[in-house]
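Q: Could you have a look at this structure, given as structure tokens, before my questions?
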Amino acid sequence: MLKSLDPLLHSELRLGVMSILLGVEEADFVFLRQETGATAGNLSVQLDKLQKAGYIAVEKTFRGKMPCTLCRITEEGIRAFEKYVEALRSYIEK
Amino acid sequence: MQERKLTEAESLALITQMIQNTHRRLTVNAGKPYLIWGYLTAGVALFEWLVVVNGWSFYWMFAWWLIPLLGFPLMLLTCRKRPTEPKNYIDRAVEAVWIACSVAMIPAFAIALFYRVSILPLVTLIISIGTLVSGRLIAMKAVTWGGALFMCGTVAMALHQFSMRHAVVVENVNEYTLFLYKGEMLIFALLFICGMIIPGHIINAKTRKHA
């Protein structure tokens with residue numbers, strides 16, 4: 001039986017963000033925007049969704065006098081990502 | 001990138017692409033630290049060799065201090081990441097290895113000073129560990145081989161000192177010291193050219209090609 005795909009991760013932008021965060025300790029909003037090419041508004045909404053699901057932790061801080069939003073993947077996010085990749089494999093191998 | 005649903009194949013392709021893009025972006029010019037330390041150390045070692053060969057003033061020996069005095073500020077100026085660029089776990093591990101190697105130079109200096117032995121083989125040994133571990137961490141064969149070369153160089157330097165002590169009969173201690181020193185400095189410079197400068201250029205060429 002095929003495993004169901006996590007709807008939260010099965011979206012281009014959210015999956016892109018999770019893939020980036022998987023390889024770094026933490027990334028700031030500007031870096032994520034550059035890497036994904038998303039608009040600030042859209043990225044902000046998607047980050048909020050991932051944060052509410054507990055997949056990422058968001059910390060709002062300051063770098064000098066500039067506000068800075070740091071995102072990092074959580075343990076729960078890593079587990080969800082692993083499950084998602086596992087499910088993808090089962091679909092592709094069917 | 002938008003908030004749209006993907007097919008399974010697209011999802012996998014996207015994951016692979018994003019991970020690769022981030023890795024490439026973070027490794028562009030990763031060879032710079034090797035080039036800075038390589039050129040600086042090889043340059044100073046060759047200069048010191050000229051000092052010894054030409055019998056210039058002993059005070060030129062203080063030029064060795066140019067390596068840390070120029071190297072650390074140059075690293076801070078040119079290799080510092082932009083504040084927006086994230087660090088990954090490999091960056092942190094490599095940084096920790098080199099911090100440990102830099103600190104290990106202090107006891108190496110103390111050993112050389114108190115036991116009156118040349119510091120160059122000790123420095124080479126420390127650098128070999130740093131280079132070898134970094135090469136394994138960043139998965140760059142050129143750097144790993146550079147580290148192995150440094151390790152072989154340490155053995156070569158130790159053999160060089162041993163052979164000098166036993167094979168050369170010299171009456172004057174200063175002459176003996178200079179004779180020993182000359183060959184050692186050339187080996188030292190050569191090691192930095194082959195073990196740091198060449199791998200540094202290889203890394204930069206590879207990362208630029210994939211960027």
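For the structure tokens, the naming scheme is as follows: chains receive sequential letters (A, B, ...) according to their order of presentation, residues are indexed from 1 within each chain, and ligands are indexed from 1 in presentation order.
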With a cut-off of 9 Å and counting only C-alpha atoms, select all residues of chain B in contact with chain A and give the selection as a list in words.
A: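 Putting it all together, I get Met1, Gln2, Glu3, Arg4, Lys5, Leu6, Thr7, Glu8, Ala9, Glu10, Ser11, Leu12, Leu14, Ile15, Thr16, Gln17, Met18, Ile19, Asn21, Thr22, His23, Pro83, Thr84, Glu85, Pro86, Lys87, Asn88, Tyr89 and Ile90 of chain B.
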Q: Restricting it to C-alpha atoms, dump the selection as a compact mmCIF listing (two decimals), in the first residue's frame.
A:
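So the final result, stored in selection39.txt, reads:
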# COMPACT_ATOMS: atom_id res chain seq x y z
CA MET B 1 9.35 29.18 -6.61
CA GLN B 2 5.62 29.15 -5.88
CA GLU B 3 3.18 27.36 -3.63
CA ARG B 4 2.12 24.71 -6.14
CA LYS B 5 1.63 20.96 -5.87
CA LEU B 6 4.34 18.79 -7.36
CA THR B 7 4.46 15.37 -8.92
CA GLU B 8 6.51 12.74 -7.04
CA ALA B 9 9.36 12.91 -9.55
CA GLU B 10 9.38 16.73 -9.43
CA SER B 11 9.56 16.60 -5.63
CA LEU B 12 12.62 14.37 -5.64
CA LEU B 14 13.57 19.65 -6.34
CA ILE B 15 15.05 18.19 -3.12
CA THR B 16 18.22 17.14 -4.96
CA GLN B 17 18.52 20.46 -6.75
CA MET B 18 18.05 22.60 -3.63
CA ILE B 19 20.57 20.58 -1.60
CA ASN B 21 22.56 24.48 -5.04
CA THR B 22 23.05 25.32 -1.37
CA HIS B 23 26.16 23.16 -1.17
CA PRO B 83 26.23 37.75 7.56
CA THR B 84 23.35 36.40 5.49
CA GLU B 85 25.22 33.25 4.45
CA PRO B 86 24.47 30.29 6.66
CA LYS B 87 27.00 27.87 8.06
CA ASN B 88 26.60 24.16 7.67
CA TYR B 89 27.81 21.40 9.96
CA ILE B 90 30.88 20.70 7.81
Q: Any chance you could list, as a compact mmCIF listing (two decimals) with C-alpha atoms, in the first residue's frame, the residues in chain A that come up alpha helix (DSSP H) when DSSP is run on the backbone?
A:
# COMPACT_ATOMS: atom_id res chain seq x y z
CA GLU A 12 7.19 23.50 -4.17
CA LEU A 13 8.18 26.40 -1.93
CA ARG A 14 7.81 24.66 1.44
CA LEU A 15 9.70 21.62 0.17
CA GLY A 16 12.45 23.87 -1.22
CA VAL A 17 12.80 25.64 2.13
CA MET A 18 12.94 22.35 4.04
CA SER A 19 15.58 20.98 1.62
CA ILE A 20 17.77 24.05 2.16
CA LEU A 21 17.38 23.99 5.94
CA LEU A 22 18.28 20.31 6.03
CA GLY A 23 21.83 21.09 4.89
CA PHE A 29 15.17 35.01 5.60
CA VAL A 30 17.27 36.87 2.99
CA PHE A 31 19.24 33.72 2.13
CA LEU A 32 16.06 31.64 1.82
CA ARG A 33 14.49 34.27 -0.42
CA GLN A 34 17.58 34.35 -2.68
CA GLU A 35 17.79 30.58 -2.91
CA THR A 36 14.11 29.98 -3.60
CA ALA A 40 9.01 38.05 0.67
CA GLY A 41 5.26 37.88 1.34
CA ASN A 42 4.81 34.37 0.00
CA LEU A 43 7.92 33.06 1.76
CA SER A 44 6.78 34.61 5.02
CA VAL A 45 3.38 32.86 4.79
CA GLN A 46 4.98 29.48 4.01
CA LEU A 47 7.51 29.81 6.83
CA ASP A 48 4.65 30.53 9.19
CA LYS A 49 2.87 27.34 8.10
CA LEU A 50 6.01 25.26 8.61
CA GLN A 51 6.58 26.85 12.00
CA LYS A 52 3.00 26.18 13.14
CA GLU A 75 13.80 17.25 14.99
CA GLU A 76 10.14 16.90 14.09
CA GLY A 77 10.85 18.55 10.73
CA ILE A 78 13.69 16.12 10.01
CA ARG A 79 11.46 13.13 10.86
CA ALA A 80 8.65 14.50 8.65
CA PHE A 81 11.11 15.08 5.81
CA GLU A 82 12.47 11.53 6.10
CA LYS A 83 8.94 10.12 6.05
CA TYR A 84 8.12 12.26 3.03
CA VAL A 85 11.16 11.03 1.08
CA GLU A 86 10.33 7.45 2.07
CA ALA A 87 6.78 7.91 0.78
CA LEU A 88 8.07 9.47 -2.45
CA ARG A 89 10.27 6.45 -3.02
CA SER A 90 7.35 4.08 -2.61
CA TYR A 91 5.42 6.05 -5.26
CA ILE A 92 8.30 6.08 -7.71
CA GLU A 93 9.17 2.41 -7.21
Q: What is the CA of Trp60 (chain B) to CA of Leu46 (chain B) distance in Å?
A: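 Between CA of Trp60 (chain B) and CA of Leu46 (chain B) the gap is 12.3 Å.
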Q: Which parts of region 36-88 of chain A does DSSP call strand (DSSP E or B) when run on the backbone here, written out as a ChimeraX atom specification?
A: /A:56-63,66-73
Q: If you count only C-alpha atoms, which residues fall within 10 Å of region 94-101 of chain B, apart from same-chain ones fewer than 6 positions away, as an MDAnalysis selection string?
A: chainID B and resid 123 125:131 133:138
Q: Keeping only all heavy atoms, write the selected residues to a file as an mmCIF file, in the first residue's frame.
A:
data_model
loop_
_atom_site.group_PDB
_atom_site.id
_atom_site.type_symbol
_atom_site.label_atom_id
_atom_site.label_comp_id
_atom_site.auth_asym_id
_atom_site.auth_seq_id
_atom_site.Cartn_x
_atom_site.Cartn_y
_atom_site.Cartn_z
ATOM 1 N N VAL B 123 55.432 21.714 12.991
ATOM 2 C CA VAL B 123 54.395 22.483 12.282
ATOM 3 C C VAL B 123 53.822 21.631 11.144
ATOM 4 O O VAL B 123 52.610 21.556 10.953
ATOM 5 C CB VAL B 123 54.982 23.810 11.730
ATOM 6 C CG1 VAL B 123 54.001 24.508 10.799
ATOM 7 C CG2 VAL B 123 55.361 24.733 12.873
ATOM 8 N N LEU B 125 53.662 18.427 10.934
ATOM 9 C CA LEU B 125 52.819 17.361 11.481
ATOM 10 C C LEU B 125 51.425 17.894 11.831
ATOM 11 O O LEU B 125 50.406 17.284 11.482
ATOM 12 C CB LEU B 125 53.483 16.744 12.726
ATOM 13 C CG LEU B 125 52.722 15.601 13.392
ATOM 14 C CD1 LEU B 125 52.596 14.410 12.451
ATOM 15 C CD2 LEU B 125 53.414 15.164 14.676
ATOM 16 N N ILE B 126 51.385 19.057 12.474
ATOM 17 C CA ILE B 126 50.096 19.655 12.858
ATOM 18 C C ILE B 126 49.276 19.992 11.597
ATOM 19 O O ILE B 126 48.088 19.700 11.508
ATOM 20 C CB ILE B 126 50.315 20.918 13.733
ATOM 21 C CG1 ILE B 126 50.924 20.513 15.080
ATOM 22 C CG2 ILE B 126 49.018 21.678 13.942
ATOM 23 C CD1 ILE B 126 51.462 21.667 15.891
ATOM 24 N N ILE B 127 49.959 20.588 10.613
ATOM 25 C CA ILE B 127 49.262 20.954 9.364
ATOM 26 C C ILE B 127 48.758 19.697 8.645
ATOM 27 O O ILE B 127 47.675 19.692 8.058
ATOM 28 C CB ILE B 127 50.207 21.764 8.430
ATOM 29 C CG1 ILE B 127 50.642 23.076 9.087
ATOM 30 C CG2 ILE B 127 49.568 22.033 7.065
ATOM 31 C CD1 ILE B 127 49.547 24.070 9.343
ATOM 32 N N SER B 128 49.545 18.625 8.715
ATOM 33 C CA SER B 128 49.128 17.393 8.030
ATOM 34 C C SER B 128 47.825 16.867 8.623
ATOM 35 O O SER B 128 46.936 16.434 7.886
ATOM 36 C CB SER B 128 50.222 16.327 8.125
ATOM 37 O OG SER B 128 50.271 15.771 9.416
ATOM 38 N N ILE B 129 47.699 16.934 9.951
ATOM 39 C CA ILE B 129 46.464 16.459 10.593
ATOM 40 C C ILE B 129 45.288 17.343 10.158
ATOM 41 O O ILE B 129 44.239 16.853 9.743
ATOM 42 C CB ILE B 129 46.612 16.440 12.140
ATOM 43 C CG1 ILE B 129 47.697 15.429 12.533
ATOM 44 C CG2 ILE B 129 45.291 16.100 12.824
ATOM 45 C CD1 ILE B 129 48.173 15.530 13.959
ATOM 46 N N GLY B 130 45.495 18.671 10.220
ATOM 47 C CA GLY B 130 44.430 19.607 9.827
ATOM 48 C C GLY B 130 43.999 19.401 8.384
ATOM 49 O O GLY B 130 42.808 19.344 8.085
ATOM 50 N N THR B 131 44.962 19.264 7.500
ATOM 51 C CA THR B 131 44.650 19.143 6.069
ATOM 52 C C THR B 131 43.969 17.804 5.761
ATOM 53 O O THR B 131 42.983 17.757 5.020
ATOM 54 C CB THR B 131 45.938 19.282 5.223
ATOM 55 O OG1 THR B 131 46.703 20.357 5.739
ATOM 56 C CG2 THR B 131 45.633 19.530 3.779
ATOM 57 N N VAL B 133 42.228 15.816 7.827
ATOM 58 C CA VAL B 133 40.862 15.765 8.376
ATOM 59 C C VAL B 133 39.929 16.665 7.553
ATOM 60 O O VAL B 133 38.819 16.259 7.207
ATOM 61 C CB VAL B 133 40.844 16.166 9.877
ATOM 62 C CG1 VAL B 133 39.428 16.209 10.418
ATOM 63 C CG2 VAL B 133 41.684 15.193 10.697
ATOM 64 N N SER B 134 40.401 17.870 7.202
ATOM 65 C CA SER B 134 39.562 18.784 6.391
ATOM 66 C C SER B 134 39.218 18.151 5.046
ATOM 67 O O SER B 134 38.085 18.252 4.583
ATOM 68 C CB SER B 134 40.287 20.100 6.110
ATOM 69 O OG SER B 134 40.684 20.694 7.273
ATOM 70 N N GLY B 135 40.219 17.521 4.438
ATOM 71 C CA GLY B 135 40.007 16.878 3.141
ATOM 72 C C GLY B 135 38.931 15.821 3.209
ATOM 73 O O GLY B 135 38.070 15.724 2.328
ATOM 74 N N ARG B 136 38.938 15.039 4.287
ATOM 75 C CA ARG B 136 37.930 13.990 4.469
ATOM 76 C C ARG B 136 36.556 14.619 4.708
ATOM 77 O O ARG B 136 35.546 14.136 4.215
ATOM 78 C CB ARG B 136 38.296 13.069 5.643
ATOM 79 C CG ARG B 136 39.540 12.233 5.425
ATOM 80 C CD ARG B 136 39.379 11.192 4.340
ATOM 81 N NE ARG B 136 38.426 10.157 4.728
ATOM 82 C CZ ARG B 136 37.841 9.322 3.885
ATOM 83 N NH1 ARG B 136 38.097 9.411 2.592
ATOM 84 N NH2 ARG B 136 37.003 8.410 4.312
ATOM 85 N N LEU B 137 36.541 15.702 5.503
ATOM 86 C CA LEU B 137 35.257 16.338 5.838
ATOM 87 C C LEU B 137 34.606 16.980 4.615
ATOM 88 O O LEU B 137 33.398 16.845 4.413
ATOM 89 C CB LEU B 137 35.452 17.399 6.926
ATOM 90 C CG LEU B 137 35.656 16.887 8.354
ATOM 91 C CD1 LEU B 137 36.062 18.020 9.274
ATOM 92 C CD2 LEU B 137 34.384 16.243 8.891
ATOM 93 N N ILE B 138 35.404 17.701 3.818
ATOM 94 C CA ILE B 138 34.796 18.381 2.657
ATOM 95 C C ILE B 138 34.777 17.487 1.418
ATOM 96 O O ILE B 138 34.335 17.908 0.354
ATOM 97 C CB ILE B 138 35.489 19.736 2.344
ATOM 98 C CG1 ILE B 138 36.970 19.555 1.972
ATOM 99 C CG2 ILE B 138 35.360 20.702 3.495
ATOM 100 C CD1 ILE B 138 37.650 20.836 1.495
#
Q: Rounded to one decimal, what separation in Å do you get between CA of Ala53 (chain A) and CA of Leu8 (chain A)?
A: 8.4 Å
Q: How many Å separate CA of Leu35 (chain B) from CA of Ala158 (chain B)?
A: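 Going from CA of Leu35 (chain B) over to CA of Ala158 (chain B), I get 25.8 Å.
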